[in-house]
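Asker: This is the structure I want to talk about, given as structure tokens.
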Amino acid sequence: MLPWTRKIHFSKKSLIVFAIMVFFVILGFSSQVFAQSATDTLGIDVIDQNAALASTDLRVIIIRIINTVLALLGVIAVSLIVYAGFIWMTSGGDDGKVATAKKIIINAVIGLVVILSAFAIVKFVFDKLLNTQAGGGQVSSAPVLPPAIQTFSGSGSLGRIIKDHYPYRNQKEVARNTSVVVTFNVPFDPATIVNNGNNTCWNSDLSGPTLECGPSSIPYYGDCITTAEGQKVCDTLKTTAVKIDILANIGNENAGVPAIAKVAYDADLNAFSLVLKPSENLGSASENIDYTVVLSTEIKKPNTNESVLPRPYAWDFQTSTNLDLTPPYVVKVSPSAGEVDTKDSVIKINFNEPIDPTTVGGVVEDGGIFDNLIINTEGKLVAGIWKPSNGYKTVEFIPTESCGQNSCGQVKYCLPISCPESDPYCIKDFTALVRTAEPSGNAGAPFEAEAFTGVYDLALNALDNPINESNELVKPPIVDSKIISNDEKTPDNYFWDFKIINKIDKSSPYITTITPNPETSGVASDTNLELNFSKKLLYSSIENINLVEYPEKVCADAANVEDPCSTADKLDDIWFRTISTDIDDKTNLKIEHREFGPNGLDLYYFPTIPHTLQDSHQNCFYPGFGPMSGQACVIEYDGDGNITSKTNCSTVNLNADSDTSCIYSTIESTDSLNTCLDTLKVNSPSDYSN
């Protein structure tokens, strides 16, 4: 034993100091390990790191540098504490050394407090810049919250603001008892659209409405209550904000039919979707009637006087002479009954008709109020979020458990499966349940639903299981709203079992065929665009698909941009709507649109598909492979998601200027997508039109 070690005295104070040092060292080490595991890329290439795309915000880079500096300062502070502890423990009773050690510890602790405070401030700013709520498209260094509830595919000229609406633009044969639904891409202030006629407020835990309102309570907009006298009182529409009326009346000051208003909120109480049920049936029992819906600039963003819309937004539809008294039903689910799928699968339910999004969109969690659709495994609730999409005909479930990143640098989410990571062949059973609504008791409409009691369509018809041959609605009693009991596996609920294997799908989707073929000329004005993908898509990721018209906003009677005409005489932005259908584990995507080349104009059209488009296993459309020369693109992947072969597929350049293939031409370019489109516009004016 060395001579100086005999002088060490382990007092109680020394042991406390040593324990503090060990705590900080372990804390720093465990934080590093946790951060590393939270950003595991699962062998999937992350674009920002491996393709060197110039997509990182400069502000974020600066904050990351500051974080690194603060981390180094933290290491120095902890090192000083360790050093002071060493001096103290080896002081041998020397009061001078003890005093020096104390002084170093005090200063180091003060410095550490300052560093931690600075880190907290930087983290707050960092989270705000990155929008770390899932669905924001950024990578977090820790598990993040699920995405917002509403993500609907766009269907209008204001597709970046209006995500979807029903009835659809120019839709015919709309049932007279329909609801009108609008979903925004940005949150809106419900107080600017809805009258809080029943005077309800958010309850204390912000989980739903209550009548017990206090001075500091937040009003709840968009619900119905039943009074002690049995009278139903619902919030109503402000017809100055949204007008629904026959075409001949829409310009009148007092236009707008009265309607009950319901609002869909996300986990942060942001309102994205509005469901309006007219107080009386629309149209006529004897003739078809044309209607117009106008969204005004009175619709404001939350906590501001800024309008959601830069200008009023309107569309038309036509009612039939009939009422919809037929219940909706499930036509297809994914994974299908008995199917084995990977743990990064998105659960998908497709209905035969549009469903009220307030009944199928919501956050599922222990203690939460949404339980119309639930998933169980091993007798436990699977937490996640249900997101309506595809014209309100589809709802998709994304769990909250993060399990790595996809090639876009976005968080991947996986179903919880209690298997050791070393066992990739471990399989667990899952069960899903869709709860129908309770019957309203209307003898003339046996499937009419009681509002807010389960799943129903936009005509208030409750979900029906086609195997039930009874002509009346049956809803089994619920014992535990978070657990699927055998008693609920009866009509008219919908349920199925599937299996999840302890594996992750790493192959990216690509476009196999396009109709019309690239560079086709003389395309008819009403031709629908169709894109066939190699895999099933995540419908809620389709929203950023775009259709470019060139030249844009020309005079309506001439294709010359330089022709003098007023703004009113120019073409509006082309509107379009996507319709998705899964066929044999692949997705067919149709793009309906305003007519091509109206009034005989000679115009060009370019659909653009972003790399953030995802398949049903959350893999990004990257690289952006598509067909060449009108032939089907075929790509083979190995088990790790690496391409082993490709045939008739467009060229993709993996560099900082190009993150997708310019699939509408055989021109090879390393420029950005916008430059690629500009090149096409300039080089092909005489080769093809419309």
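Each chain in the structure tokens gets a letter, A, B and so on, in the order shown; residues start at 1 in every chain, and ligands are counted from 1 in the order they appear.
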From stretch 270-399 of chain A, collect each residue whose DSSP state is alpha helix (DSSP H) and return the set as an MDAnalysis selection string.
Answerer: chainID A and resid 357:360
Asker: Interatomic distance between atom CA of A:Gly597 and atom CA of A:Arg577?
Answerer: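 Between atom CA of A:Gly597 and atom CA of A:Arg577 the gap works out to 17.5 Å.
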Asker: With only C-alpha atoms counted and 12 Å as the cut-off, give the residues of stretch 578-661 of chain A in contact with stretch 490-507 of chain A, each with its shortest interatomic distance in Å and the pair that gives it, as JSON lines.
Answerer:
{"residue": "A:Gln614", "atom": "CA", "partner": "A:Ser507", "partner_atom": "CA", "distance": 10.9}
{"residue": "A:Asp615", "atom": "CA", "partner": "A:Ser507", "partner_atom": "CA", "distance": 9.3}
{"residue": "A:Ser616", "atom": "CA", "partner": "A:Asp505", "partner_atom": "CA", "distance": 9.6}
{"residue": "A:His617", "atom": "CA", "partner": "A:Asp505", "partner_atom": "CA", "distance": 6.4}
{"residue": "A:Gln618", "atom": "CA", "partner": "A:Asp505", "partner_atom": "CA", "distance": 8.7}
{"residue": "A:Asn619", "atom": "CA", "partner": "A:Lys506", "partner_atom": "CA", "distance": 6.7}
{"residue": "A:Cys620", "atom": "CA", "partner": "A:Ser507", "partner_atom": "CA", "distance": 9.0}
{"residue": "A:Phe621", "atom": "CA", "partner": "A:Ser507", "partner_atom": "CA", "distance": 9.7}
{"residue": "A:Tyr622", "atom": "CA", "partner": "A:Ser507", "partner_atom": "CA", "distance": 9.9}
{"residue": "A:Pro623", "atom": "CA", "partner": "A:Ser507", "partner_atom": "CA", "distance": 10.8}
{"residue": "A:Ile635", "atom": "CA", "partner": "A:Ser507", "partner_atom": "CA", "distance": 9.9}
{"residue": "A:Glu636", "atom": "CA", "partner": "A:Ser507", "partner_atom": "CA", "distance": 9.0}
{"residue": "A:Tyr637", "atom": "CA", "partner": "A:Ser507", "partner_atom": "CA", "distance": 6.4}
{"residue": "A:Asp638", "atom": "CA", "partner": "A:Ser507", "partner_atom": "CA", "distance": 8.1}
{"residue": "A:Gly639", "atom": "CA", "partner": "A:Lys506", "partner_atom": "CA", "distance": 7.4}
{"residue": "A:Asp640", "atom": "CA", "partner": "A:Lys506", "partner_atom": "CA", "distance": 6.1}
{"residue": "A:Gly641", "atom": "CA", "partner": "A:Ser507", "partner_atom": "CA", "distance": 4.4}
{"residue": "A:Asn642", "atom": "CA", "partner": "A:Ser507", "partner_atom": "CA", "distance": 7.3}
{"residue": "A:Ile643", "atom": "CA", "partner": "A:Ser507", "partner_atom": "CA", "distance": 8.4}
{"residue": "A:Thr644", "atom": "CA", "partner": "A:Ser507", "partner_atom": "CA", "distance": 11.2}
Asker: Next, dump the selected residues to file, keeping only C-alpha atoms, as an mmCIF file, in the first residue's frame.
Answerer:
data_model
loop_
_atom_site.group_PDB
_atom_site.id
_atom_site.type_symbol
_atom_site.label_atom_id
_atom_site.label_comp_id
_atom_site.auth_asym_id
_atom_site.auth_seq_id
_atom_site.Cartn_x
_atom_site.Cartn_y
_atom_site.Cartn_z
ATOM 1 C CA GLN A 614 -44.923 7.013 -46.399
ATOM 2 C CA ASP A 615 -46.087 3.443 -46.750
ATOM 3 C CA SER A 616 -48.118 1.583 -44.132
ATOM 4 C CA HIS A 617 -44.865 0.692 -42.336
ATOM 5 C CA GLN A 618 -43.840 4.373 -42.128
ATOM 6 C CA ASN A 619 -41.059 4.054 -44.722
ATOM 7 C CA CYS A 620 -40.565 7.208 -46.800
ATOM 8 C CA PHE A 621 -40.849 7.566 -50.562
ATOM 9 C CA TYR A 622 -37.095 8.020 -50.765
ATOM 10 C CA PRO A 623 -35.348 7.690 -53.122
ATOM 11 C CA ILE A 635 -37.331 -2.823 -57.613
ATOM 12 C CA GLU A 636 -36.110 -5.694 -55.448
ATOM 13 C CA TYR A 637 -35.007 -5.210 -51.813
ATOM 14 C CA ASP A 638 -33.102 -7.430 -49.407
ATOM 15 C CA GLY A 639 -34.103 -7.930 -45.763
ATOM 16 C CA ASP A 640 -32.219 -4.802 -44.660
ATOM 17 C CA GLY A 641 -34.000 -2.511 -47.109
ATOM 18 C CA ASN A 642 -31.114 -2.310 -49.570
ATOM 19 C CA ILE A 643 -31.894 -2.268 -53.296
ATOM 20 C CA THR A 644 -30.620 -5.388 -55.036
#
Asker: For A:Lys570, which residue among A:Asp585, A:Lys553, A:Ile161, A:Ile218 is the nearest when counting only C-alpha atoms?
Answerer: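 Counting only C-alpha atoms, the residue closest to A:Lys570 is A:Lys553.
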Asker: Measuring atom to atom with only C-alpha atoms, identify which of A:Pro327, A:Gly222, A:Gly367, A:Pro509 is nearest to A:Lys277.
Answerer: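 Checking each of A:Pro327, A:Gly222, A:Gly367, A:Pro509 against A:Lys277, counting only C-alpha atoms, the winner is A:Gly222.
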Asker: For A:Ser279, list every protein, DNA or RNA residue within 8 Å, evaluated using only C-alpha atoms, and leave out those in the same chain fewer than 5 positions away; present the list as an MDAnalysis selection string.
Answerer: chainID A and resid 257:260
Asker: For the selection just defined, write its residues with N, CA and C atoms to a file, as a compact mmCIF listing (two decimals), in the first residue's frame.
Answerer:
# COMPACT_ATOMS: atom_id res chain seq x y z
N VAL A 257 -78.13 28.09 -43.73
CA VAL A 257 -79.09 27.28 -42.97
C VAL A 257 -78.54 27.06 -41.56
N PRO A 258 -79.42 27.01 -40.55
CA PRO A 258 -78.96 26.72 -39.19
C PRO A 258 -78.47 25.28 -39.09
N ALA A 259 -77.48 25.06 -38.24
CA ALA A 259 -76.90 23.71 -38.12
C ALA A 259 -76.33 23.50 -36.74
N ILE A 260 -76.37 22.25 -36.30
CA ILE A 260 -75.67 21.84 -35.09
C ILE A 260 -74.18 21.73 -35.42
Asker: Give me the residues near A:Asn185 as a count of residues only, where near means some atom within 7 Å (using only C-alpha atoms) and where sequence neighbours in that chain fewer than 6 positions away do not count.
Answerer: 5
Asker: Need the shell around A:Ala241: protein/DNA/RNA residues with any atom at most 6 Å away, counting only C-alpha atoms. Skip same-chain ones fewer than 2 positions apart. Format as a list in words?
Answerer: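 Contacts, with the query itself left out: Ile193, Lys238, Thr239, Ser296 and Glu298 of chain A.
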Asker: Using only C-alpha atoms, find each residue in stretch 381-497 of chain A having at least one atom no more than 6 Å away from stretch 349-364 of chain A; report its shortest atom-to-atom pair and that distance in Å (one decimal), rows by chain then rising number, as a Markdown table.
Answerer:
| residue | atom | partner | partner_atom | distance |
| --- | --- | --- | --- | --- |
| A:Ala383 | CA | A:Val364 | CA | 5.3 |
| A:Gly384 | CA | A:Val364 | CA | 5.3 |
| A:Ile385 | CA | A:Val363 | CA | 4.4 |
| A:Trp386 | CA | A:Gly361 | CA | 5.0 |
| A:Lys387 | CA | A:Gly361 | CA | 5.2 |
| A:Pro388 | CA | A:Gly361 | CA | 5.8 |
| A:Tyr392 | CA | A:Pro354 | CA | 4.7 |
| A:Lys393 | CA | A:Pro354 | CA | 4.4 |
| A:Thr394 | CA | A:Asn350 | CA | 4.5 |
| A:Val395 | CA | A:Ile349 | CA | 5.4 |
| A:Val455 | CA | A:Thr359 | CA | 5.1 |
| A:Asp457 | CA | A:Ile355 | CA | 4.1 |
| A:Leu458 | CA | A:Asp356 | CA | 5.1 |
Asker: In terms of the shortest atom-to-atom distance over only C-alpha atoms, which of A:Ile609, A:Thr581, A:Ile483, A:Ile427 is closest to A:Val382?
Answerer: A:Ile483
Asker: Which residue out of A:Asn288, A:Ile542, A:Val233, A:Gly630 has the minimum interatomic distance to A:Pro516 when only C-alpha atoms are used?
Answerer: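 Answer, going by the shortest atom-to-atom distance: A:Gly630.
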Asker: Please extract the residues of stretch 331-430 of chain A with a backbone DSSP assignment of strand (DSSP E or B) and present them as a PyMOL selection string.
Answerer: chain A and resi 331-334+340-342+347-351+355+362-364+373-377+380-381+384-389+394-399+402-405+411-413+427-430
Asker: Could you take the residues named above and write them with C-alpha atoms, as a compact mmCIF listing (two decimals), in the first residue's frame?
Answerer:
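As a result, result_14.txt now contains:
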# COMPACT_ATOMS: atom_id res chain seq x y z
CA VAL A 331 -65.04 -3.18 -45.99
CA LYS A 332 -61.35 -3.87 -45.32
CA VAL A 333 -58.80 -3.80 -42.50
CA SER A 334 -55.03 -3.98 -42.39
CA VAL A 340 -48.90 -11.65 -39.45
CA ASP A 341 -47.31 -8.23 -39.93
CA THR A 342 -44.25 -6.37 -38.63
CA ILE A 347 -53.50 -0.32 -38.35
CA LYS A 348 -55.95 0.73 -41.06
CA ILE A 349 -59.76 0.50 -41.24
CA ASN A 350 -61.61 1.29 -44.47
CA PHE A 351 -65.35 2.01 -44.44
CA ILE A 355 -67.66 8.44 -41.38
CA GLY A 362 -58.90 10.57 -31.14
CA VAL A 363 -56.12 9.78 -28.69
CA VAL A 364 -56.38 6.40 -26.98
CA LEU A 373 -61.85 2.25 -31.45
CA ILE A 374 -59.40 0.31 -29.28
CA ILE A 375 -56.63 -2.27 -29.68
CA ASN A 376 -55.59 -4.80 -27.02
CA THR A 377 -52.64 -7.14 -26.65
CA LYS A 380 -53.77 -4.48 -22.09
CA LEU A 381 -54.72 -1.32 -23.98
CA GLY A 384 -51.89 5.61 -29.76
CA ILE A 385 -53.89 7.87 -31.99
CA TRP A 386 -56.57 7.24 -34.63
CA LYS A 387 -56.32 9.58 -37.61
CA PRO A 388 -59.13 9.89 -40.23
CA SER A 389 -58.11 10.38 -43.87
CA THR A 394 -60.35 5.56 -43.72
CA VAL A 395 -58.98 5.75 -40.20
CA GLU A 396 -55.40 4.77 -39.29
CA PHE A 397 -53.87 3.94 -35.91
CA ILE A 398 -50.32 4.99 -35.03
CA PRO A 399 -49.01 3.82 -31.63
CA SER A 402 -41.13 5.21 -30.76
CA CYS A 403 -38.71 2.65 -32.19
CA GLY A 404 -36.24 4.52 -34.40
CA GLN A 405 -36.28 6.66 -37.53
CA VAL A 411 -39.73 9.04 -35.81
CA LYS A 412 -41.02 5.54 -36.45
CA TYR A 413 -43.66 4.14 -34.09
CA ILE A 427 -45.08 -13.28 -32.48
CA LYS A 428 -47.85 -11.76 -30.31
CA ASP A 429 -51.63 -11.66 -30.72
CA PHE A 430 -53.58 -8.41 -31.07
Asker: Between A:Ala191, A:Thr578, A:Ser320, A:Ala451, which one has atoms that come closest to A:Asn305, using only C-alpha atoms?
Answerer: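 Closest residue, counting only C-alpha atoms: A:Ala191.
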Asker: A:Ala462: which residues within 9 Å, counting only C-alpha atoms, same-chain residues fewer than 2 positions away excluded, as a PyMOL selection string?
Answerer: chain A and resi 326-329+436-439+447-450+454-457+459-460+464+473+492
Asker: Just to confirm, what's the straight-line distance from atom CA of A:Thr236 to atom CA of A:Trp575 in Å (one decimal)?
Answerer: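 Atom-to-atom, atom CA of A:Thr236 and atom CA of A:Trp575 are spaced 29.6 Å apart.
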Asker: Could you name the residues that touch A:Val242 at 10 Å or less, counting only C-alpha atoms, but leaving out those on the same chain fewer than 3 positions away, as a PyMOL selection string?
Answerer: chain A and resi 192-194+237-239+245+255-257+276+293-299+312-314
Asker: Could those residues be written to a file, using N, CA and C atoms, as a CSV table (one decimal), in the first residue's frame?
Answerer:
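And here is the file that came out, result-v1.csv:
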chain,number,residue,atom,x,y,z
A,192,THR,N,-65.0,31.4,-33.2
A,192,THR,CA,-65.3,32.2,-34.3
A,192,THR,C,-66.3,31.5,-35.3
A,193,ILE,N,-66.6,30.2,-35.0
A,193,ILE,CA,-67.5,29.5,-35.9
A,193,ILE,C,-68.7,28.9,-35.1
A,194,VAL,N,-68.5,28.7,-33.8
A,194,VAL,CA,-69.5,28.0,-33.1
A,194,VAL,C,-70.1,28.8,-31.9
A,237,LEU,N,-74.0,26.6,-35.3
A,237,LEU,CA,-73.1,27.2,-36.3
A,237,LEU,C,-73.4,28.7,-36.3
A,238,LYS,N,-72.3,29.5,-36.4
A,238,LYS,CA,-72.4,30.9,-36.7
A,238,LYS,C,-72.5,31.0,-38.2
A,239,THR,N,-73.6,31.3,-38.8
A,239,THR,CA,-73.8,31.3,-40.2
A,239,THR,C,-73.1,32.5,-40.9
A,245,ASP,N,-76.1,27.0,-48.2
A,245,ASP,CA,-77.4,27.4,-48.7
A,245,ASP,C,-77.5,27.1,-50.2
A,255,ALA,N,-78.2,34.7,-45.7
A,255,ALA,CA,-78.1,33.3,-46.2
A,255,ALA,C,-77.4,32.4,-45.2
A,256,GLY,N,-77.7,31.1,-45.3
A,256,GLY,CA,-77.1,30.2,-44.4
A,256,GLY,C,-78.1,29.4,-43.6
A,257,VAL,N,-78.1,28.1,-43.7
A,257,VAL,CA,-79.1,27.3,-43.0
A,257,VAL,C,-78.5,27.1,-41.6
A,276,LEU,N,-70.9,19.9,-39.3
A,276,LEU,CA,-72.1,20.6,-39.3
A,276,LEU,C,-73.3,19.8,-39.7
A,293,VAL,N,-71.3,25.9,-50.3
A,293,VAL,CA,-70.8,26.2,-49.0
A,293,VAL,C,-69.7,27.2,-49.1
A,294,VAL,N,-69.8,28.3,-48.2
A,294,VAL,CA,-68.8,29.3,-48.3
A,294,VAL,C,-68.1,29.5,-46.9
A,295,LEU,N,-66.8,29.3,-46.8
A,295,LEU,CA,-66.1,29.6,-45.6
A,295,LEU,C,-65.5,31.0,-45.7
A,296,SER,N,-65.8,31.8,-44.7
A,296,SER,CA,-65.5,33.2,-44.7
A,296,SER,C,-64.2,33.5,-44.0
A,297,THR,N,-63.7,34.7,-44.1
A,297,THR,CA,-62.5,35.1,-43.5
A,297,THR,C,-62.7,35.4,-42.0
A,298,GLU,N,-64.0,35.3,-41.5
A,298,GLU,CA,-64.3,35.4,-40.1
A,298,GLU,C,-63.7,34.3,-39.3
A,299,ILE,N,-63.3,33.2,-39.9
A,299,ILE,CA,-62.7,32.1,-39.2
A,299,ILE,C,-61.3,32.4,-38.8
A,312,PRO,N,-62.3,34.2,-49.0
A,312,PRO,CA,-63.3,33.1,-48.8
A,312,PRO,C,-63.1,31.9,-49.7
A,313,TYR,N,-63.5,30.8,-49.2
A,313,TYR,CA,-63.3,29.5,-49.9
A,313,TYR,C,-64.7,28.9,-50.1
A,314,ALA,N,-65.0,28.5,-51.3
A,314,ALA,CA,-66.4,28.0,-51.6
A,314,ALA,C,-66.3,26.8,-52.5
